[in-house]
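Text of target.tsv, listed as TSV, C-alpha atoms:
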```
chain	number	residue	atom	x	y	z
A	813	MET	CA	0.00	0.00	0.00
A	814	ARG	CA	1.25	3.49	-0.75
A	815	GLU	CA	1.94	5.46	2.40
A	816	ASP	CA	-0.14	8.44	1.27
A	817	ALA	CA	-3.17	6.10	1.01
A	818	ALA	CA	-2.80	5.02	4.64
A	819	MET	CA	-2.04	8.50	6.02
A	820	ALA	CA	-5.22	10.08	4.59
A	821	ALA	CA	-7.56	7.59	6.27
A	822	PRO	CA	-9.38	8.06	9.59
A	823	THR	CA	-9.18	5.34	12.23
A	824	VAL	CA	-11.83	2.63	12.03
A	825	ARG	CA	-12.35	-0.71	13.73
A	826	LEU	CA	-13.76	-3.72	11.88
A	827	HIS	CA	-16.23	-5.42	14.24
A	828	LEU	CA	-17.06	-9.04	13.40
A	829	LEU	CA	-20.75	-9.72	12.75
A	830	ASP	CA	-21.71	-13.15	14.12
A	831	ALA	CA	-24.51	-15.56	13.21
A	832	PRO	CA	-27.10	-14.16	15.67
A	833	THR	CA	-26.49	-10.66	14.30
A	834	LEU	CA	-26.77	-11.82	10.69
A	835	GLN	CA	-29.93	-13.83	11.46
A	836	ALA	CA	-31.55	-10.77	13.04
A	837	LEU	CA	-30.64	-8.69	9.96
A	838	VAL	CA	-32.06	-11.38	7.65
A	839	ASP	CA	-35.23	-11.28	9.77
A	840	GLY	CA	-35.37	-7.47	9.46
A	841	ASP	CA	-35.08	-7.05	13.24
A	842	LEU	CA	-32.62	-4.19	13.60
A	843	GLU	CA	-33.01	-3.85	17.37
A	844	ARG	CA	-32.18	-7.55	17.88
A	845	ALA	CA	-29.25	-7.20	15.45
A	846	ARG	CA	-27.93	-4.18	17.37
A	847	ALA	CA	-28.19	-6.05	20.67
A	848	ALA	CA	-26.44	-9.12	19.25
A	849	ALA	CA	-23.68	-7.05	17.61
A	850	GLY	CA	-23.10	-4.78	20.58
A	851	VAL	CA	-22.84	-1.75	18.27
A	852	ALA	CA	-25.44	0.65	16.83
A	853	LEU	CA	-26.00	-0.77	13.36
A	854	PRO	CA	-27.53	1.86	11.05
A	855	ASP	CA	-31.01	1.58	9.55
A	856	ALA	CA	-29.36	1.31	6.11
A	857	PHE	CA	-28.19	-2.23	7.01
A	858	LEU	CA	-31.77	-3.41	6.44
A	859	GLN	CA	-31.26	-2.71	2.70
A	860	ASP	CA	-28.58	-5.42	2.42
A	861	THR	CA	-30.69	-8.48	3.27
A	862	TRP	CA	-29.28	-10.37	0.26
A	863	LEU	CA	-25.75	-9.95	1.67
A	864	TRP	CA	-26.69	-10.98	5.21
A	865	THR	CA	-28.48	-14.05	3.83
A	866	LEU	CA	-25.44	-15.01	1.75
A	867	ARG	CA	-22.93	-14.50	4.58
A	868	LEU	CA	-25.16	-16.27	7.14
A	869	GLY	CA	-25.30	-19.31	4.84
A	870	GLN	CA	-21.51	-19.26	4.53
A	871	LEU	CA	-21.10	-18.90	8.29
A	872	ILE	CA	-23.45	-21.80	9.03
A	873	GLY	CA	-21.74	-23.99	6.41
A	874	GLU	CA	-18.17	-23.14	7.47
A	875	PRO	CA	-18.11	-21.54	10.95
A	876	GLY	CA	-14.32	-21.29	10.85
A	877	ASP	CA	-14.58	-18.84	7.96
A	878	ALA	CA	-16.22	-16.19	10.19
A	879	PRO	CA	-13.16	-13.88	10.38
A	880	TRP	CA	-13.12	-13.72	6.58
A	881	LEU	CA	-16.74	-12.80	6.06
A	882	VAL	CA	-18.37	-9.56	7.23
A	883	ARG	CA	-17.63	-6.86	9.75
A	884	ALA	CA	-19.18	-3.55	10.71
A	885	VAL	CA	-17.01	-0.50	10.05
A	886	VAL	CA	-16.98	1.28	13.40
A	887	VAL	CA	-15.78	4.81	14.11
A	888	GLY	CA	-15.17	5.84	17.69
A	889	ASP	CA	-16.80	3.72	20.35
A	890	GLU	CA	-19.80	2.46	18.44
A	891	GLU	CA	-20.84	4.54	15.43
A	892	VAL	CA	-21.22	2.13	12.51
A	893	VAL	CA	-20.66	3.78	9.13
A	894	GLY	CA	-20.74	0.71	6.88
A	895	HIS	CA	-19.60	-2.87	6.46
A	896	ALA	CA	-16.54	-4.54	5.00
A	897	GLY	CA	-15.15	-8.02	4.62
A	898	PHE	CA	-14.14	-10.71	2.20
A	899	HIS	CA	-16.16	-13.00	-0.03
A	900	GLY	CA	-14.55	-15.92	1.82
A	901	PRO	CA	-11.19	-17.22	3.03
A	902	PRO	CA	-8.15	-17.37	0.71
A	903	ASP	CA	-8.50	-19.71	-2.25
A	904	GLU	CA	-5.86	-22.14	-3.54
A	905	ARG	CA	-3.70	-19.30	-4.85
A	906	GLY	CA	-4.03	-17.31	-1.62
A	907	MET	CA	-6.48	-14.83	-3.15
A	908	VAL	CA	-9.22	-13.07	-1.19
A	909	GLU	CA	-11.82	-10.73	-2.63
A	910	VAL	CA	-12.55	-7.59	-0.65
A	911	GLY	CA	-15.92	-5.91	-0.37
A	912	TYR	CA	-17.07	-2.80	1.43
A	913	ARG	CA	-20.05	-0.47	1.57
A	914	ILE	CA	-20.20	2.80	3.41
A	915	VAL	CA	-23.65	4.12	4.33
A	916	PRO	CA	-24.47	7.03	1.96
A	917	THR	CA	-24.63	9.64	4.76
A	918	HIS	CA	-21.03	8.78	5.75
A	919	ARG	CA	-19.40	8.64	2.31
A	920	ARG	CA	-16.52	10.84	1.13
A	921	ARG	CA	-14.93	10.96	4.60
A	922	GLY	CA	-12.20	8.35	4.12
A	923	TYR	CA	-14.00	5.46	5.83
A	924	ALA	CA	-13.81	3.16	2.79
A	925	ARG	CA	-10.08	3.91	2.54
A	926	ALA	CA	-9.60	3.09	6.23
A	927	ALA	CA	-11.70	-0.09	5.97
A	928	LEU	CA	-9.76	-1.29	2.91
A	929	ALA	CA	-6.46	-0.66	4.70
A	930	GLU	CA	-7.71	-2.76	7.64
A	931	LEU	CA	-8.89	-5.55	5.32
A	932	LEU	CA	-5.51	-5.69	3.57
A	933	ALA	CA	-3.66	-5.74	6.90
A	934	PHE	CA	-5.86	-8.61	8.12
A	935	ALA	CA	-5.33	-10.52	4.87
A	936	ARG	CA	-1.56	-10.07	5.04
A	937	ALA	CA	-1.42	-11.13	8.70
A	938	ASN	CA	-3.52	-14.23	8.01
A	939	GLY	CA	-1.75	-15.76	5.04
A	940	ALA	CA	-3.48	-14.27	2.01
A	941	ARG	CA	-1.15	-13.36	-0.84
A	942	VAL	CA	-3.41	-11.59	-3.34
A	943	ALA	CA	-6.37	-9.25	-2.89
A	944	ARG	CA	-9.04	-8.77	-5.55
A	945	ALA	CA	-11.62	-6.01	-5.88
A	946	SER	CA	-14.53	-6.26	-8.33
A	947	ILE	CA	-15.94	-2.82	-9.09
A	948	SER	CA	-18.67	-1.45	-11.35
A	949	PRO	CA	-17.19	0.62	-14.18
A	950	ASP	CA	-19.58	3.41	-13.09
A	951	ASN	CA	-18.28	3.53	-9.50
A	952	ALA	CA	-15.65	6.26	-9.87
A	953	PRO	CA	-14.92	6.60	-6.11
A	954	SER	CA	-14.20	2.87	-5.70
A	955	LEU	CA	-12.16	2.78	-8.90
A	956	ALA	CA	-10.04	5.67	-7.59
A	957	LEU	CA	-9.70	4.02	-4.19
A	958	ALA	CA	-8.50	0.75	-5.73
A	959	ALA	CA	-5.98	2.61	-7.89
A	960	SER	CA	-4.66	4.51	-4.86
A	961	PHE	CA	-3.94	1.17	-3.17
A	962	GLY	CA	-2.07	-0.16	-6.19
A	963	PHE	CA	-4.76	-2.51	-7.53
A	964	VAL	CA	-4.21	-3.32	-11.22
A	965	ARG	CA	-6.98	-4.32	-13.63
A	966	THR	CA	-6.87	-8.02	-14.46
A	967	GLY	CA	-10.17	-8.57	-16.25
A	968	GLU	CA	-13.93	-8.25	-15.96
A	969	GLN	CA	-16.94	-10.37	-15.06
A	970	MET	CA	-20.71	-10.29	-15.16
A	971	ASP	CA	-22.08	-10.47	-11.62
A	972	GLU	CA	-25.62	-11.83	-11.14
A	973	ILE	CA	-26.50	-9.01	-8.76
A	974	ASP	CA	-24.25	-6.09	-9.73
A	975	GLY	CA	-23.91	-6.54	-13.50
A	976	LEU	CA	-20.59	-5.77	-15.21
A	977	GLU	CA	-17.66	-5.54	-12.83
A	978	LEU	CA	-14.03	-4.73	-13.55
A	979	GLN	CA	-11.60	-6.96	-11.63
A	980	PHE	CA	-8.48	-5.59	-10.00
A	981	GLU	CA	-5.77	-7.38	-8.01
A	982	ARG	CA	-2.68	-6.58	-5.96
A	983	GLN	CA	-0.25	-8.44	-3.74
A	984	VAL	CA	-1.01	-8.12	-0.04
```
How would this structure read if it were set down as structure tokens?
Amino acid sequence: MREDAAMAAPTVRLHLLDAPTLQALVDGDLERARAAAGVALPDAFLQDTWLWTLRLGQLIGEPGDAPWLVRAVVVGDEEVVGHAGFHGPPDERGMVEVGYRIVPTHRRRGYARAALAELLAFARANGARVARASISPDNAPSLALAASFGFVRTGEQMDEIDGLELQFERQV
């Protein structure tokens, strides 16, 4: 990672979201999810039911993968500004795919940059060798963020949910 990318980012903490939290989010019960998580999850988390359903299924199928799945992006003691994680643990080549979403009211403050820096540090410390980011060609802020971290375009794919995505990778 370039040093200027790390220096511009605020401090965030990535708080693991466990099965009871994900189940409450799948159920649309934000108060139960907040209680289970121990942090004030934002109302916007109820818009990502597809993600919580997917990650809950992964967590139930492979409980040991939990650290690689989804975390709340926390600023300060408990303000949650988004979520970040990986699509799963490293594959056979040591590759992990990063994902992050900052709640619209908290965007353009450096939280995605800080979350990505934390994800890459976790990946490096836990044996991953390559990080991938798949980004919509229309998502200029994420494209710029990936470039600032040294991600290089390696291809493209059609995602069932998001449509066309450009793929970028870098060594961790």
How big is the axis-aligned box around all listed atoms of region 974-977 of chain A once 5 Å goes on each side, and where's its centre, in Å to one decimal, as JSON?
```
{"center_x": -21.0, "center_y": -6.0, "center_z": -12.5, "size_x": 16.6, "size_y": 11.0, "size_z": 15.5}
```
>> Set the distance at 8 Å and use all atoms listed in the file: which residues neighbour region 900-908 of chain A once local chain neighbours fewer than 4 positions away are removed? I'd like the list as number ranges by chain.
In response: A: 877, 880-881, 935, 939-944
Can I get the selected residues back with C-alpha atoms, as a PDB file, keeping the file's coordinate frame?
```pdb
ATOM      1  CA  ASP A 877     -14.580 -18.840   7.960  1.00  0.00           C
ATOM      2  CA  TRP A 880     -13.120 -13.720   6.580  1.00  0.00           C
ATOM      3  CA  LEU A 881     -16.740 -12.800   6.060  1.00  0.00           C
ATOM      4  CA  ALA A 935      -5.330 -10.520   4.870  1.00  0.00           C
ATOM      5  CA  GLY A 939      -1.750 -15.760   5.040  1.00  0.00           C
ATOM      6  CA  ALA A 940      -3.480 -14.270   2.010  1.00  0.00           C
ATOM      7  CA  ARG A 941      -1.150 -13.360  -0.840  1.00  0.00           C
ATOM      8  CA  VAL A 942      -3.410 -11.590  -3.340  1.00  0.00           C
ATOM      9  CA  ALA A 943      -6.370  -9.250  -2.890  1.00  0.00           C
ATOM     10  CA  ARG A 944      -9.040  -8.770  -5.550  1.00  0.00           C
TER      11      ARG A 944
END
```
> Which neighbours of Ala836 (chain A) fall inside 10 Å, counting all atoms listed in the file, when residues of the same chain fewer than 4 positions from it are skipped, and could you give them as a list in words?
Replying inline: Ala831, Pro832, Gly840, Asp841, Leu842, Glu843, Arg844, Ala845, Arg846, Ala847, Ala848, Ala849, Leu858 and Trp864 of chain A
Store the residues picked out above in a file with C-alpha atoms, as a short mmCIF file (atom, residue, chain, number, x, y, z; two decimals), keeping the file's coordinate frame.
```cif
data_model
loop_
_atom_site.label_atom_id
_atom_site.label_comp_id
_atom_site.auth_asym_id
_atom_site.auth_seq_id
_atom_site.Cartn_x
_atom_site.Cartn_y
_atom_site.Cartn_z
CA ALA A 831 -24.51 -15.56 13.21
CA PRO A 832 -27.10 -14.16 15.67
CA GLY A 840 -35.37 -7.47 9.46
CA ASP A 841 -35.08 -7.05 13.24
CA LEU A 842 -32.62 -4.19 13.60
CA GLU A 843 -33.01 -3.85 17.37
CA ARG A 844 -32.18 -7.55 17.88
CA ALA A 845 -29.25 -7.20 15.45
CA ARG A 846 -27.93 -4.18 17.37
CA ALA A 847 -28.19 -6.05 20.67
CA ALA A 848 -26.44 -9.12 19.25
CA ALA A 849 -23.68 -7.05 17.61
CA LEU A 858 -31.77 -3.41 6.44
CA TRP A 864 -26.69 -10.98 5.21
#
```
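With distances restricted to only C-alpha atoms, A:Glu909 is the closest residue to Leu928 (chain A) from A:Asp974, A:Glu909, A:Asp855, A:Glu968.
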>> Calculated over only C-alpha atoms, which of the candidates A:Thr861, A:Ser954, A:Thr966, A:Gln835 has the smallest distance to Gly922 (chain A)?
In response: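 That would be A:Ser954, the residue with the smallest distance to Gly922 (chain A).
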>> Is it possible to get the residues within 9 Å of (-12.4, 0.3, -17.4) (coordinates as in the file, counting all atoms listed in the file) written as a PyMOL selection string?
In response: chain A and resi 948-950+955+965+968+978
> Between CA of Gln859 (chain A) and CA of Asp889 (chain A), what is the spacing in Å?
Replying inline: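 Here the two named atoms are 23.7 Å from each other.
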> So how far away is CA of Phe898 (chain A) from CA of Ala878 (chain A), in Å?
Replying inline: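 Rounded to one decimal, the two atoms are 9.9 Å apart.
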>> Let me make sure I understand: among A:Ile947, A:Arg825, A:Pro953, A:Ser960, which one has the smallest atom-to-atom distance to Leu976 (chain A) if we use only C-alpha atoms?
In response: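 Between A:Ile947, A:Arg825, A:Pro953, A:Ser960, the residue approaching Leu976 (chain A) most closely is A:Ile947.
We find CA of Val882 (chain A) and CA of Gln870 (chain A) to be spaced 10.5 Å apart.
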> For Phe963 (chain A), which residue out of A:Ala945, A:Arg982, A:Val838, A:Leu931 is the nearest one, using only C-alpha atoms?
Replying inline: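 The closest residue to Phe963 (chain A) is A:Arg982.
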> Smallest atom-to-atom distance to Ala933 (chain A): which of A:Leu837, A:Met970, A:Val910, A:Ala959, using all atoms listed in the file?
Replying inline: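 Once distances to Ala933 (chain A) are computed over all atoms listed in the file, the minimum belongs to A:Val910.
In this comparison, which uses only C-alpha atoms, the residue of A:Ala884, A:Ala852, A:Gly873, A:Gly911 approaching Gly897 (chain A) most closely is A:Gly911.
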Given the block above, output region 904-926 of chain A with N, CA and C atoms as a PDB file, in the first residue's frame.
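So out.pdb came out as:
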```
ATOM      1  N   GLU A 904      -7.073 -21.336  -3.352  1.00  0.00           N
ATOM      2  CA  GLU A 904      -5.862 -22.137  -3.536  1.00  0.00           C
ATOM      3  C   GLU A 904      -4.640 -21.308  -3.931  1.00  0.00           C
ATOM      4  N   ARG A 905      -4.851 -20.147  -4.522  1.00  0.00           N
ATOM      5  CA  ARG A 905      -3.697 -19.296  -4.851  1.00  0.00           C
ATOM      6  C   ARG A 905      -3.449 -18.214  -3.802  1.00  0.00           C
ATOM      7  N   GLY A 906      -4.200 -18.291  -2.694  1.00  0.00           N
ATOM      8  CA  GLY A 906      -4.026 -17.310  -1.622  1.00  0.00           C
ATOM      9  C   GLY A 906      -4.743 -16.003  -1.893  1.00  0.00           C
ATOM     10  N   MET A 907      -5.762 -16.029  -2.779  1.00  0.00           N
ATOM     11  CA  MET A 907      -6.481 -14.827  -3.153  1.00  0.00           C
ATOM     12  C   MET A 907      -7.741 -14.671  -2.313  1.00  0.00           C
ATOM     13  N   VAL A 908      -7.975 -13.439  -1.864  1.00  0.00           N
ATOM     14  CA  VAL A 908      -9.218 -13.070  -1.187  1.00  0.00           C
ATOM     15  C   VAL A 908      -9.828 -11.889  -1.937  1.00  0.00           C
ATOM     16  N   GLU A 909     -11.153 -11.863  -1.994  1.00  0.00           N
ATOM     17  CA  GLU A 909     -11.822 -10.731  -2.632  1.00  0.00           C
ATOM     18  C   GLU A 909     -12.405  -9.837  -1.552  1.00  0.00           C
ATOM     19  N   VAL A 910     -12.071  -8.562  -1.623  1.00  0.00           N
ATOM     20  CA  VAL A 910     -12.553  -7.591  -0.649  1.00  0.00           C
ATOM     21  C   VAL A 910     -13.893  -7.029  -1.088  1.00  0.00           C
ATOM     22  N   GLY A 911     -14.661  -6.596  -0.114  1.00  0.00           N
ATOM     23  CA  GLY A 911     -15.918  -5.914  -0.372  1.00  0.00           C
ATOM     24  C   GLY A 911     -16.166  -4.921   0.747  1.00  0.00           C
ATOM     25  N   TYR A 912     -16.769  -3.807   0.416  1.00  0.00           N
ATOM     26  CA  TYR A 912     -17.066  -2.798   1.428  1.00  0.00           C
ATOM     27  C   TYR A 912     -18.224  -1.942   0.935  1.00  0.00           C
ATOM     28  N   ARG A 913     -18.961  -1.405   1.880  1.00  0.00           N
ATOM     29  CA  ARG A 913     -20.050  -0.475   1.568  1.00  0.00           C
ATOM     30  C   ARG A 913     -20.144   0.504   2.718  1.00  0.00           C
ATOM     31  N   ILE A 914     -20.033   1.760   2.402  1.00  0.00           N
ATOM     32  CA  ILE A 914     -20.198   2.803   3.409  1.00  0.00           C
ATOM     33  C   ILE A 914     -21.602   3.382   3.227  1.00  0.00           C
ATOM     34  N   VAL A 915     -22.301   3.570   4.348  1.00  0.00           N
ATOM     35  CA  VAL A 915     -23.649   4.121   4.325  1.00  0.00           C
ATOM     36  C   VAL A 915     -23.591   5.499   3.639  1.00  0.00           C
ATOM     37  N   PRO A 916     -24.536   5.786   2.742  1.00  0.00           N
ATOM     38  CA  PRO A 916     -24.468   7.031   1.965  1.00  0.00           C
ATOM     39  C   PRO A 916     -24.220   8.303   2.793  1.00  0.00           C
ATOM     40  N   THR A 917     -24.816   8.423   3.954  1.00  0.00           N
ATOM     41  CA  THR A 917     -24.628   9.641   4.760  1.00  0.00           C
ATOM     42  C   THR A 917     -23.217   9.783   5.325  1.00  0.00           C
ATOM     43  N   HIS A 918     -22.404   8.742   5.218  1.00  0.00           N
ATOM     44  CA  HIS A 918     -21.030   8.777   5.751  1.00  0.00           C
ATOM     45  C   HIS A 918     -19.968   8.694   4.659  1.00  0.00           C
ATOM     46  N   ARG A 919     -20.363   8.760   3.408  1.00  0.00           N
ATOM     47  CA  ARG A 919     -19.398   8.642   2.314  1.00  0.00           C
ATOM     48  C   ARG A 919     -18.571   9.912   2.148  1.00  0.00           C
ATOM     49  N   ARG A 920     -17.442   9.756   1.456  1.00  0.00           N
ATOM     50  CA  ARG A 920     -16.517  10.844   1.128  1.00  0.00           C
ATOM     51  C   ARG A 920     -15.829  11.415   2.370  1.00  0.00           C
ATOM     52  N   ARG A 921     -15.629  10.549   3.381  1.00  0.00           N
ATOM     53  CA  ARG A 921     -14.928  10.964   4.604  1.00  0.00           C
ATOM     54  C   ARG A 921     -13.695  10.102   4.878  1.00  0.00           C
ATOM     55  N   GLY A 922     -13.376   9.189   3.954  1.00  0.00           N
ATOM     56  CA  GLY A 922     -12.197   8.347   4.124  1.00  0.00           C
ATOM     57  C   GLY A 922     -12.456   7.017   4.814  1.00  0.00           C
ATOM     58  N   TYR A 923     -13.709   6.711   5.123  1.00  0.00           N
ATOM     59  CA  TYR A 923     -14.003   5.462   5.827  1.00  0.00           C
ATOM     60  C   TYR A 923     -13.771   4.230   4.960  1.00  0.00           C
ATOM     61  N   ALA A 924     -14.083   4.303   3.677  1.00  0.00           N
ATOM     62  CA  ALA A 924     -13.813   3.162   2.790  1.00  0.00           C
ATOM     63  C   ALA A 924     -12.313   2.934   2.685  1.00  0.00           C
ATOM     64  N   ARG A 925     -11.543   4.003   2.588  1.00  0.00           N
ATOM     65  CA  ARG A 925     -10.079   3.909   2.540  1.00  0.00           C
ATOM     66  C   ARG A 925      -9.549   3.233   3.808  1.00  0.00           C
ATOM     67  N   ALA A 926     -10.053   3.665   4.952  1.00  0.00           N
ATOM     68  CA  ALA A 926      -9.605   3.092   6.226  1.00  0.00           C
ATOM     69  C   ALA A 926     -10.006   1.622   6.338  1.00  0.00           C
TER      70      ALA A 926
END
```
